[in-house]
Every structure is written in C-alpha cells, then in structure tokens.
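Engineer: Please find one structure pasted underneath; my questions will follow.
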Amino acid sequence: MKNSQERRQEIYDKIKESSKQEYILSEMKRLGFWDDQQVDFKEAEAFFKLESGLSKELQVLIKEKNLIDDPAAFLAKKHQKRKLKSKQKQRETKEKRELLRLEKAEKWQLSKKEDIRYLGDGFSHQLNDQTSQVDRLKSLDLPLLNNAKELAQAMDIPIGELRFLSFSRKNARLSHYKRFKMKKKSGGFRLISAPMPRLKNAQYWILEEILNKIAVHPLAHGCVIGKSIKTNAEPHLQKAVVINQDFKNFFPSITHNRIKGIFKSFGYSEQLATIFSLLCSEPKIVEVSMLGEDYFAQRGTRFLPQGAPTSPAITNIICKQLDLRLHGLAKHYGFDYTRYVDDITFSGNQEQLPKIAAILKYSKKIVEDENFTLHPEKLRIMKRSDRQEVTGVVVNEKTNIPKKNLKRFRALLFQIEKDGIQGKVWNKKGNILAQIDGYANFIYQIDTEKGIAYKKRVGLILKAHGYKEAHQSKFGRRSKDSSTSWFTSLVSKVKDIFGSGGK
C-alpha cells in the first residue's frame, strides 16, 4: 500500500499531465459515479483538453503581457533564455571536444607503436610523406625503405628507440653526444662530439648501408675506403709548388637542411630524409644547471657533428660538386688537385708558378659558390726549396714523415721502455697508449718498412701495460680510415673518456 504522501504526489503528477477537471472526470468514471450512458466521456475529455490548452496559452499570454508592461523584467527574461541556451551549447561543444580529444589520443597512442608523427618543432611538418622513389633507390643499390617502421625493422631496433634517438628537444636532461674540445696545432680548439653507443650504432648502420654505397669524387681521399693521407699526398710529389688551403668552420657549415637534401637526392621520402638528417646532425648545446639538475639547451641550427662516423662520408657526398669544379680549375691551369676532408691541395711544376694567383682567386670563388669559406690564415704556398707537406706528409722527394716528429716519437718510446708511461706525454693530455698506437699506425700508412718496426715496439709496450685496441663498429669492421692526425687524436681522446672499450 502506498502511503498518503506518495498517493498525493501521484495525484499531483497526473493533474500536471492533463488538468484538474480531466483528472476529476477520470476518477468519477473509475469510481462508478457516472457511466457511458449518462455522460459522453469522449466529448467531455475533448472539452477539458481544449479548455486546458486554452488556459495554458492564456497563462503564457498573461506572462508575456506582464513582461511587456515591465521592460526590465522582459529583457532579464530574454537574457536568461539566451544565457541558458549558451550554456547548453557550451556543454555540448565541450562534450564533443572531449570525445574528439579522447579519440585523437587513442589514435595517437596506436600510431606511436607503428609510426613517427612528431620529432620536435620545425622537423615534423612533412613526416606524413612516406613514399620513397623506389626506382632511384634501386639504381643506387640502397635499402628500399619508405617509412620509419621499415627503417626501425631494418636497423633491428624498436620504433620507440628510433624516435628517441632522432627527436629534437629544445631542452633535455640527457644528450646523445659526449662533447669535448681538442687543441689545434694552429691554435684554438676543435669541438669533438662523440656519439653515445645507441646513436653510434644507428649512425654506423647509415654509414655502411647507405653512405658508403654512394660514389664520391675520385680526388676525395679523406675517410674513403682504400684511400688515406698517403694517397692524398702522392699526386703532389716532387712539384715546384704546393698550395694548401683549409676550410673555416667546415663541419658546422654543413647544416641540417643540407644533410636532409642529400638523403632526399638518394630517393628517400620526406619522413626518412628528416629522420636520417636528425640522426646525423646535432645542435649547438649550452649546458645549464637549475635547482640541482643539469640540462642541455639547444641553440641555433643543427649541423654536422665532428666525431660522428657518418660525418666524413656526408662531407664527401656534399663536396662532390665542389671537387668536380676545383679539379676542373686545376686542369685548366695545369695543376694537380686533391681534397682530404677540409684540406684542399693544388700542386704544379715550374711552368705553373705564374698561375698561382689565378688558382687562388678562382678557387676562393668556387668554394664560396658551394657555401663554404676558406680560412684566411691557413693558406700555405710551399716551393721546392721549402719543406712541402700535405696533410702532415712530406712530399719533396717521396712520401715521408717529418724527421723532427719521428725523432721525438722514437725518443718517447725509448723513455717508456725504460721508465714506464707515468708522466709521459705525446699530444698534450690524453691516453698515451692510445696515442702511440695511433701514431705507429700513421707511420705504417706512410712508410711500411719503418711502420713495421715501430708497430712491433709499440705492440710490446701495449702488451706490457694490458692495453687492448677496440674501436670497432657494431657490424664488426674497423673504422675505414684512421690515418689522419686529427682522427687518430680523436680516437685516442674518445678512448680516454669512455675507456679502452671505445664506448
């Protein structure tokens, strides 16, 4: 049984649904006071419904009249209606946006498992282009890849790791490079950026699967398989004049866009070209400490890092047009030309002496046309009466090592054999064992007969001090060319920082 309050509420609800008269009529009929013979209930119900409708319309008209008679109340009512309508619309819009946000977030989480859609501000606007030029890649015998998922599979790493290695962060608490400065012989410092193990492995994959398959100009000798500083020096033997010039800020002048451009030229999609260029470049970094935490803040445009295994190969590819033009200039005036990384050399016989000014003038113009700059203080013009050197190799008569350096190295080995390595120095500070190992290999590159003897002496020293040479890539092959003085110093410095494991 329903209590009186529930019964009363039920009656009120029924009256609201129709009218008081209709409810009374239906109750009288239900209780048996009237029957169908006495009262035409359909007509009565129709009458009461009409009366109820007219009554409601009248109430509305009365309210509107009252509002018109009171303009302030009328405007307030209108404002209230608009406000309620606006709030309702806002709620609907908010609900719609939240639904779209959730759907977008779900799609984003799914796409992150199979794709890379964002790599930082300024590097993500063309990541949706995932179509490579397959015919172009086939013609160059390069891996047929279209997108990040295929690249991650080829590198045998998760796509999340590929994203992590290529992501450009404005501020980060970690860095993919170990940076340090090395003194130059000519003064100043050279910034070396040694990649950390995971990035280094990715760079070795790019080097060995892509970059090493691209043909470079025959007169490029730096970090080219089968070539060395000796092959770079040999064309300039026994010449009347040797002209040597260096580039200024060579690696920093090769920016992210230029790196991306070469991968695009191979036929790779915008997405892959962007990822490759980020893996092979770095920004200028400012180390900042805040609240006890260290941060790496990016500044300026990304550029080619000096110390990454991919960098020398990229410079050779980018400089192919430069080498072609400078070689053409040299042939026009009867000179020989070679380039070793950022070191270009011209040499000529007696009849070429009057043409030195032309070589200097037009080589400078060509270099600038190719978006490089010659170092104004690094020009050397060496005649036959001088000691002529090309990338540290004497070329007056035959390829040789400067006697002064050889004598100093021989004395150092004698001191180490006699007293040990404590306090011994070869190239400033650093791992003395790595340095003498590198220099013995350098001698071997230039003069095999002398090199065998020195390598044997150095080998005994290394064995006595438990030194193990280990600067190999993930793929089991040695660095293609460690014969330059700057590269030997780099290897030594990296070993000194990361340990003899080369990591």
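We label chains A, B, ... in the order they appear in the structure tokens, count residues from 1 in each chain, and number ligands from 1 in the order shown.
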Output as number ranges by chain all residues of region 94-323 of chain A that backbone DSSP marks as helix (DSSP H, G or I).
Structural biologist: A: 94-112, 134-139, 148-155, 159-166, 197-209, 211-213, 229-236, 256-266, 270-279, 311-318, 320-323
Engineer: Could you write out that same residue set with C-alpha atoms as a short mmCIF file (atom, residue, chain, number, x, y, z; two decimals), in the first residue's frame?
Structural biologist:
data_model
loop_
_atom_site.label_atom_id
_atom_site.label_comp_id
_atom_site.auth_asym_id
_atom_site.auth_seq_id
_atom_site.Cartn_x
_atom_site.Cartn_y
_atom_site.Cartn_z
CA LYS A 94 32.82 20.71 -24.52
CA GLU A 95 31.47 17.17 -24.61
CA LYS A 96 32.10 16.99 -28.36
CA ARG A 97 35.66 18.29 -28.00
CA GLU A 98 36.41 15.89 -25.16
CA LEU A 99 35.15 12.99 -27.25
CA LEU A 100 37.32 14.10 -30.17
CA ARG A 101 40.31 14.51 -27.83
CA LEU A 102 39.91 11.02 -26.46
CA GLU A 103 39.57 9.57 -29.97
CA LYS A 104 42.64 11.52 -31.13
CA ALA A 105 44.66 10.42 -28.08
CA GLU A 106 43.72 6.81 -28.72
CA LYS A 107 44.73 7.07 -32.38
CA TRP A 108 47.98 8.81 -31.35
CA GLN A 109 48.89 6.03 -28.92
CA LEU A 110 48.22 3.43 -31.59
CA SER A 111 50.23 5.34 -34.21
CA LYS A 112 53.21 5.72 -31.86
CA VAL A 134 61.92 3.09 -55.38
CA ASP A 135 63.49 3.20 -58.86
CA ARG A 136 66.05 5.75 -57.67
CA LEU A 137 66.93 3.65 -54.60
CA LYS A 138 67.30 0.53 -56.75
CA SER A 139 69.63 2.33 -59.16
CA ALA A 148 60.00 4.92 -40.03
CA LYS A 149 58.54 1.48 -39.29
CA GLU A 150 60.52 -0.11 -42.12
CA LEU A 151 63.68 1.74 -41.07
CA ALA A 152 63.38 0.57 -37.45
CA GLN A 153 62.94 -3.00 -38.64
CA ALA A 154 65.99 -2.69 -40.92
CA MET A 155 68.07 -1.29 -38.04
CA ILE A 159 60.43 2.30 -33.34
CA GLY A 160 60.34 3.96 -29.93
CA GLU A 161 64.13 3.90 -29.81
CA LEU A 162 64.35 5.35 -33.32
CA ARG A 163 62.05 8.17 -32.21
CA PHE A 164 64.12 8.71 -29.05
CA LEU A 165 67.41 8.96 -31.00
CA SER A 166 66.07 11.33 -33.66
CA PRO A 197 76.62 3.87 -28.04
CA ARG A 198 73.00 3.61 -29.25
CA LEU A 199 73.22 6.62 -31.55
CA LYS A 200 76.66 5.48 -32.75
CA ASN A 201 75.21 2.10 -33.76
CA ALA A 202 72.42 3.82 -35.71
CA GLN A 203 74.98 6.05 -37.43
CA TYR A 204 77.14 3.05 -38.35
CA TRP A 205 74.08 1.46 -39.97
CA ILE A 206 73.51 4.60 -42.05
CA LEU A 207 77.21 4.75 -42.95
CA GLU A 208 77.59 1.16 -44.02
CA GLU A 209 74.17 0.51 -45.55
CA LEU A 211 76.55 6.40 -47.37
CA ASN A 212 79.38 4.02 -48.27
CA LYS A 213 77.40 2.93 -51.34
CA ILE A 229 96.59 10.66 -46.32
CA LYS A 230 99.32 8.88 -48.28
CA THR A 231 97.16 8.58 -51.42
CA ASN A 232 96.17 12.21 -50.88
CA ALA A 233 99.85 13.27 -50.79
CA GLU A 234 101.22 11.17 -53.66
CA PRO A 235 99.88 13.31 -56.55
CA HIS A 236 101.89 16.24 -55.16
CA HIS A 256 70.58 20.08 -41.18
CA ASN A 257 68.87 21.15 -44.42
CA ARG A 258 71.95 20.26 -46.50
CA ILE A 259 72.16 16.86 -44.81
CA LYS A 260 68.45 16.23 -45.39
CA GLY A 261 68.90 17.28 -49.02
CA ILE A 262 71.40 14.52 -49.80
CA PHE A 263 69.11 11.81 -48.40
CA LYS A 264 66.24 13.26 -50.46
CA SER A 265 68.51 13.15 -53.52
CA PHE A 266 69.03 9.41 -52.93
CA GLU A 270 60.46 13.25 -46.57
CA GLN A 271 59.89 11.26 -43.38
CA LEU A 272 63.03 9.16 -43.77
CA ALA A 273 65.16 12.07 -45.01
CA THR A 274 64.13 14.02 -41.90
CA ILE A 275 64.94 11.10 -39.57
CA PHE A 276 68.32 10.45 -41.25
CA SER A 277 69.26 14.14 -41.05
CA LEU A 278 68.36 14.30 -37.35
CA LEU A 279 70.35 11.15 -36.60
CA SER A 311 80.10 12.93 -40.87
CA PRO A 312 83.16 12.41 -43.14
CA ALA A 313 81.12 10.39 -45.66
CA ILE A 314 78.44 13.10 -45.73
CA THR A 315 81.07 15.78 -46.37
CA ASN A 316 82.46 13.79 -49.30
CA ILE A 317 79.00 13.43 -50.84
CA ILE A 318 78.14 17.10 -50.34
CA LYS A 320 81.29 16.12 -54.90
CA GLN A 321 80.28 19.16 -56.97
CA LEU A 322 82.98 21.22 -55.24
CA ASP A 323 85.63 18.60 -56.09
#
Engineer: Show me, as a PyMOL selection string, the residues that have an atom within 8 Å of region 346-361 of chain A when counting only C-alpha atoms, minus same-chain residues fewer than 2 positions from it.
Structural biologist: chain A and resi 236+239-244+329-330+333-338+344+363-365
Engineer: For all heavy atoms, I'd like the residues from the last selection saved as a compact mmCIF listing (two decimals), in the first residue's frame.
Structural biologist:
# COMPACT_ATOMS: atom_id res chain seq x y z
N HIS A 236 101.18 14.98 -55.31
CA HIS A 236 101.89 16.24 -55.16
C HIS A 236 103.40 16.05 -54.94
O HIS A 236 104.10 16.97 -54.52
CB HIS A 236 101.29 17.03 -54.00
CG HIS A 236 99.80 17.17 -54.08
ND1 HIS A 236 99.17 17.92 -55.06
CD2 HIS A 236 98.79 16.61 -53.34
CE1 HIS A 236 97.86 17.85 -54.91
NE2 HIS A 236 97.60 17.06 -53.85
N LYS A 239 106.98 18.42 -56.75
CA LYS A 239 106.41 19.53 -57.51
C LYS A 239 107.14 20.83 -57.17
O LYS A 239 107.69 21.00 -56.06
CB LYS A 239 104.92 19.67 -57.20
CG LYS A 239 104.09 18.48 -57.67
CD LYS A 239 104.13 18.35 -59.19
CE LYS A 239 103.29 17.18 -59.67
NZ LYS A 239 101.86 17.39 -59.47
N ALA A 240 107.12 21.76 -58.12
CA ALA A 240 107.79 23.05 -57.90
C ALA A 240 107.06 23.88 -56.86
O ALA A 240 107.67 24.66 -56.13
CB ALA A 240 107.87 23.81 -59.22
N VAL A 241 105.73 23.70 -56.76
CA VAL A 241 104.95 24.46 -55.77
C VAL A 241 103.79 23.60 -55.29
O VAL A 241 103.19 22.84 -56.07
CB VAL A 241 104.43 25.79 -56.37
CG1 VAL A 241 103.47 25.53 -57.53
CG2 VAL A 241 103.77 26.64 -55.29
N VAL A 242 103.54 23.69 -54.00
CA VAL A 242 102.39 23.03 -53.38
C VAL A 242 101.58 24.09 -52.64
O VAL A 242 102.13 24.84 -51.82
CB VAL A 242 102.84 21.92 -52.40
CG1 VAL A 242 101.62 21.32 -51.69
CG2 VAL A 242 103.61 20.83 -53.12
N ILE A 243 100.29 24.17 -52.93
CA ILE A 243 99.40 25.16 -52.31
C ILE A 243 98.38 24.41 -51.46
O ILE A 243 97.66 23.55 -51.96
CB ILE A 243 98.67 25.99 -53.38
CG1 ILE A 243 99.67 26.68 -54.30
CG2 ILE A 243 97.75 27.01 -52.72
CD1 ILE A 243 99.02 27.31 -55.52
N ASN A 244 98.34 24.75 -50.20
CA ASN A 244 97.40 24.09 -49.29
C ASN A 244 96.46 25.11 -48.67
O ASN A 244 96.89 26.18 -48.23
CB ASN A 244 98.17 23.35 -48.18
CG ASN A 244 97.24 22.53 -47.32
OD1 ASN A 244 96.79 22.98 -46.28
ND2 ASN A 244 96.95 21.32 -47.75
N LEU A 329 89.19 23.40 -62.47
CA LEU A 329 90.03 24.60 -62.38
C LEU A 329 91.50 24.21 -62.43
O LEU A 329 92.30 24.84 -63.15
CB LEU A 329 89.71 25.34 -61.08
CG LEU A 329 90.62 26.53 -60.74
CD1 LEU A 329 90.41 27.66 -61.75
CD2 LEU A 329 90.36 27.03 -59.32
N ALA A 330 91.88 23.17 -61.64
CA ALA A 330 93.27 22.74 -61.61
C ALA A 330 93.74 22.28 -63.00
O ALA A 330 94.83 22.65 -63.46
CB ALA A 330 93.43 21.61 -60.59
N TYR A 333 94.58 25.09 -65.49
CA TYR A 333 95.86 25.80 -65.31
C TYR A 333 97.04 24.84 -65.18
O TYR A 333 98.16 25.27 -64.87
CB TYR A 333 95.78 26.71 -64.08
CG TYR A 333 94.91 27.93 -64.32
CD1 TYR A 333 93.63 28.01 -63.76
CD2 TYR A 333 95.35 28.99 -65.11
CE1 TYR A 333 92.82 29.11 -63.97
CE2 TYR A 333 94.55 30.11 -65.32
CZ TYR A 333 93.29 30.16 -64.76
OH TYR A 333 92.49 31.26 -64.98
N GLY A 334 96.81 23.54 -65.36
CA GLY A 334 97.91 22.57 -65.34
C GLY A 334 98.33 22.12 -63.96
O GLY A 334 99.45 21.60 -63.79
N PHE A 335 97.48 22.27 -62.96
CA PHE A 335 97.79 21.85 -61.59
C PHE A 335 97.17 20.48 -61.30
O PHE A 335 96.25 20.03 -61.99
CB PHE A 335 97.23 22.86 -60.58
CG PHE A 335 98.03 24.13 -60.45
CD1 PHE A 335 97.90 25.16 -61.38
CD2 PHE A 335 98.91 24.29 -59.40
CE1 PHE A 335 98.62 26.33 -61.24
CE2 PHE A 335 99.64 25.46 -59.24
CZ PHE A 335 99.50 26.48 -60.17
N ASP A 336 97.68 19.84 -60.24
CA ASP A 336 97.03 18.65 -59.68
C ASP A 336 96.24 19.08 -58.45
O ASP A 336 96.60 20.04 -57.75
CB ASP A 336 98.08 17.61 -59.28
CG ASP A 336 98.67 16.90 -60.48
OD1 ASP A 336 97.90 16.30 -61.24
OD2 ASP A 336 99.90 16.96 -60.67
N TYR A 337 95.16 18.36 -58.17
CA TYR A 337 94.26 18.74 -57.07
C TYR A 337 93.85 17.49 -56.28
O TYR A 337 93.60 16.43 -56.86
CB TYR A 337 93.00 19.41 -57.62
CG TYR A 337 91.84 19.45 -56.63
CD1 TYR A 337 91.80 20.40 -55.62
CD2 TYR A 337 90.80 18.53 -56.73
CE1 TYR A 337 90.74 20.43 -54.72
CE2 TYR A 337 89.74 18.55 -55.83
CZ TYR A 337 89.72 19.51 -54.82
OH TYR A 337 88.68 19.53 -53.92
N THR A 338 93.79 17.62 -54.95
CA THR A 338 93.19 16.59 -54.08
C THR A 338 92.51 17.30 -52.91
O THR A 338 92.81 18.45 -52.59
CB THR A 338 94.23 15.60 -53.52
OG1 THR A 338 95.18 16.31 -52.73
CG2 THR A 338 94.92 14.83 -54.64
N ILE A 344 92.28 21.23 -48.85
CA ILE A 344 92.42 21.11 -50.31
C ILE A 344 93.84 21.50 -50.72
O ILE A 344 94.45 22.40 -50.13
CB ILE A 344 91.39 21.98 -51.06
CG1 ILE A 344 91.54 23.47 -50.71
CG2 ILE A 344 89.98 21.51 -50.77
CD1 ILE A 344 90.64 24.38 -51.52
N SER A 363 89.68 29.56 -57.01
CA SER A 363 89.32 28.52 -56.03
C SER A 363 88.51 29.12 -54.89
O SER A 363 87.55 28.51 -54.40
CB SER A 363 90.58 27.84 -55.48
OG SER A 363 91.40 28.75 -54.78
N LYS A 364 88.86 30.34 -54.49
CA LYS A 364 88.09 31.03 -53.44
C LYS A 364 86.65 31.27 -53.90
O LYS A 364 85.70 31.06 -53.13
CB LYS A 364 88.77 32.36 -53.10
CG LYS A 364 88.09 33.16 -51.99
CD LYS A 364 88.91 34.39 -51.67
CE LYS A 364 88.32 35.18 -50.49
NZ LYS A 364 87.01 35.77 -50.80
N LYS A 365 86.49 31.68 -55.14
CA LYS A 365 85.15 31.94 -55.66
C LYS A 365 84.33 30.65 -55.73
O LYS A 365 83.15 30.62 -55.35
CB LYS A 365 85.24 32.56 -57.06
CG LYS A 365 83.88 32.97 -57.64
CD LYS A 365 84.05 33.61 -59.00
CE LYS A 365 82.70 34.16 -59.50
NZ LYS A 365 81.62 33.18 -59.50
Engineer: Return the single residue from A:Thr301, A:Gln445, A:Thr255, A:Gln422 that is closest to Asn400 (chain A), with distances computed using only C-alpha atoms.
Structural biologist: A:Gln445
Engineer: Go through A:Gln238, A:Ser52, A:Lys42, A:Gln435 and flag the residue nearest Asn396 (chain A), using only C-alpha atoms for the distances.
Structural biologist: A:Gln238
Engineer: Considering only C-alpha atoms, return as an MDAnalysis selection string whatever protein or nucleic-acid residues lie within 12 Å of Leu406 (chain A), sequence-local ones (same chain, fewer than 4 positions apart) excluded.
Structural biologist: chainID A and resid 392:393 400:402 410:413 426 436 439:440 442:443 446:447 450:451 454
Engineer: Take the selection from the previous step and output its residues with N, CA and C atoms, as a PDB file, in the first residue's frame.
Structural biologist:
ATOM      1  N   GLY A 392     100.295  16.650 -43.306  1.00  0.00           N
ATOM      2  CA  GLY A 392     101.295  16.095 -42.401  1.00  0.00           C
ATOM      3  C   GLY A 392     102.298  15.169 -43.032  1.00  0.00           C
ATOM      4  N   VAL A 393     102.242  14.986 -44.346  1.00  0.00           N
ATOM      5  CA  VAL A 393     103.173  14.090 -45.042  1.00  0.00           C
ATOM      6  C   VAL A 393     104.119  14.928 -45.908  1.00  0.00           C
ATOM      7  N   ASN A 400     106.913  10.975 -46.874  1.00  0.00           N
ATOM      8  CA  ASN A 400     107.720  10.746 -45.691  1.00  0.00           C
ATOM      9  C   ASN A 400     107.124  11.473 -44.502  1.00  0.00           C
ATOM     10  N   ILE A 401     107.591  11.086 -43.339  1.00  0.00           N
ATOM     11  CA  ILE A 401     107.152  11.739 -42.108  1.00  0.00           C
ATOM     12  C   ILE A 401     108.222  12.743 -41.703  1.00  0.00           C
ATOM     13  N   PRO A 402     107.831  13.932 -41.225  1.00  0.00           N
ATOM     14  CA  PRO A 402     108.830  14.906 -40.791  1.00  0.00           C
ATOM     15  C   PRO A 402     109.826  14.291 -39.808  1.00  0.00           C
ATOM     16  N   ARG A 410     110.498   8.458 -31.475  1.00  0.00           N
ATOM     17  CA  ARG A 410     111.472   7.424 -31.132  1.00  0.00           C
ATOM     18  C   ARG A 410     111.993   7.631 -29.715  1.00  0.00           C
ATOM     19  N   ALA A 411     112.227   8.895 -29.358  1.00  0.00           N
ATOM     20  CA  ALA A 411     112.700   9.203 -28.000  1.00  0.00           C
ATOM     21  C   ALA A 411     111.646   8.867 -26.954  1.00  0.00           C
ATOM     22  N   LEU A 412     110.379   9.142 -27.286  1.00  0.00           N
ATOM     23  CA  LEU A 412     109.292   8.843 -26.354  1.00  0.00           C
ATOM     24  C   LEU A 412     109.202   7.339 -26.106  1.00  0.00           C
ATOM     25  N   LEU A 413     109.301   6.539 -27.154  1.00  0.00           N
ATOM     26  CA  LEU A 413     109.240   5.087 -26.983  1.00  0.00           C
ATOM     27  C   LEU A 413     110.391   4.585 -26.121  1.00  0.00           C
ATOM     28  N   TRP A 426     102.423  12.660 -25.354  1.00  0.00           N
ATOM     29  CA  TRP A 426     102.697  12.753 -26.785  1.00  0.00           C
ATOM     30  C   TRP A 426     101.951  13.941 -27.396  1.00  0.00           C
ATOM     31  N   ILE A 436     100.229   6.537 -28.868  1.00  0.00           N
ATOM     32  CA  ILE A 436     101.383   5.925 -29.541  1.00  0.00           C
ATOM     33  C   ILE A 436     100.937   4.804 -30.483  1.00  0.00           C
ATOM     34  N   TYR A 439      99.851   6.663 -33.595  1.00  0.00           N
ATOM     35  CA  TYR A 439     100.949   7.238 -34.376  1.00  0.00           C
ATOM     36  C   TYR A 439     101.775   6.138 -35.055  1.00  0.00           C
ATOM     37  N   ALA A 440     101.898   4.990 -34.431  1.00  0.00           N
ATOM     38  CA  ALA A 440     102.595   3.868 -35.068  1.00  0.00           C
ATOM     39  C   ALA A 440     101.849   3.427 -36.326  1.00  0.00           C
ATOM     40  N   PHE A 442      99.973   5.398 -38.075  1.00  0.00           N
ATOM     41  CA  PHE A 442     100.187   6.505 -39.011  1.00  0.00           C
ATOM     42  C   PHE A 442     101.511   6.321 -39.767  1.00  0.00           C
ATOM     43  N   ILE A 443     102.574   5.979 -39.039  1.00  0.00           N
ATOM     44  CA  ILE A 443     103.880   5.737 -39.683  1.00  0.00           C
ATOM     45  C   ILE A 443     103.769   4.581 -40.677  1.00  0.00           C
ATOM     46  N   ILE A 446     102.366   5.558 -44.003  1.00  0.00           N
ATOM     47  CA  ILE A 446     103.244   6.361 -44.865  1.00  0.00           C
ATOM     48  C   ILE A 446     104.468   5.574 -45.315  1.00  0.00           C
ATOM     49  N   ASP A 447     105.087   4.845 -44.392  1.00  0.00           N
ATOM     50  CA  ASP A 447     106.309   4.094 -44.713  1.00  0.00           C
ATOM     51  C   ASP A 447     106.180   2.706 -44.081  1.00  0.00           C
ATOM     52  N   LYS A 450     109.335   1.221 -42.133  1.00  0.00           N
ATOM     53  CA  LYS A 450     109.543   1.825 -40.809  1.00  0.00           C
ATOM     54  C   LYS A 450     108.377   1.483 -39.890  1.00  0.00           C
ATOM     55  N   GLY A 451     107.176   1.481 -40.460  1.00  0.00           N
ATOM     56  CA  GLY A 451     105.986   1.243 -39.649  1.00  0.00           C
ATOM     57  C   GLY A 451     105.985  -0.111 -38.993  1.00  0.00           C
ATOM     58  N   TYR A 454     108.163   0.072 -35.873  1.00  0.00           N
ATOM     59  CA  TYR A 454     107.565   0.852 -34.788  1.00  0.00           C
ATOM     60  C   TYR A 454     106.331   0.153 -34.223  1.00  0.00           C
TER      61      TYR A 454
END
Engineer: Choose the residue, out of A:Leu140, A:Phe48, A:Glu10, A:Cys280, that has the smallest atom-to-atom separation from Ile24 (chain A); count only C-alpha atoms.
Structural biologist: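 Of the candidates, the smallest distance to Ile24 (chain A) is held by A:Phe48.
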Engineer: In Å, how far is it from CA of Leu379 (chain A) to CA of Val367 (chain A)?
Structural biologist: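 Computing it gives 13.9 Å between the two atoms.
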Engineer: My list of candidates is A:Val288, A:Val458, A:Ile452, A:Cys319. Which is closest to Ala434 (chain A) when distances are computed with only C-alpha atoms?
Structural biologist: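 Among the listed residues, A:Val458 lies closest to Ala434 (chain A).
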Engineer: Separation of CA of Lys463 (chain A) and CA of Lys424 (chain A), in Å?
Structural biologist: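 Taking CA of Lys463 (chain A) as the start and CA of Lys424 (chain A) as the end point, the length is 17.2 Å.
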Engineer: Have a look at A:Pro158, A:Gly430, A:Gly307, A:Gly459 and name the one nearest to Arg179 (chain A); count only C-alpha atoms.
Structural biologist: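 Smallest distance to Arg179 (chain A) is found for A:Gly307.
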Engineer: Can you measure CA of His221 (chain A) to CA of Pro143 (chain A) for me? One decimal in Å is fine.
Structural biologist: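 That distance, rounded to one decimal, is 25.5 Å.
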Engineer: Would you please work out which residue, of A:Leu462, A:Leu374, A:Asp115, A:Asp437, is nearest to Gly420 (chain A) when using only C-alpha atoms?
Structural biologist: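 Counting only C-alpha atoms, the residue closest to Gly420 (chain A) is A:Leu462.
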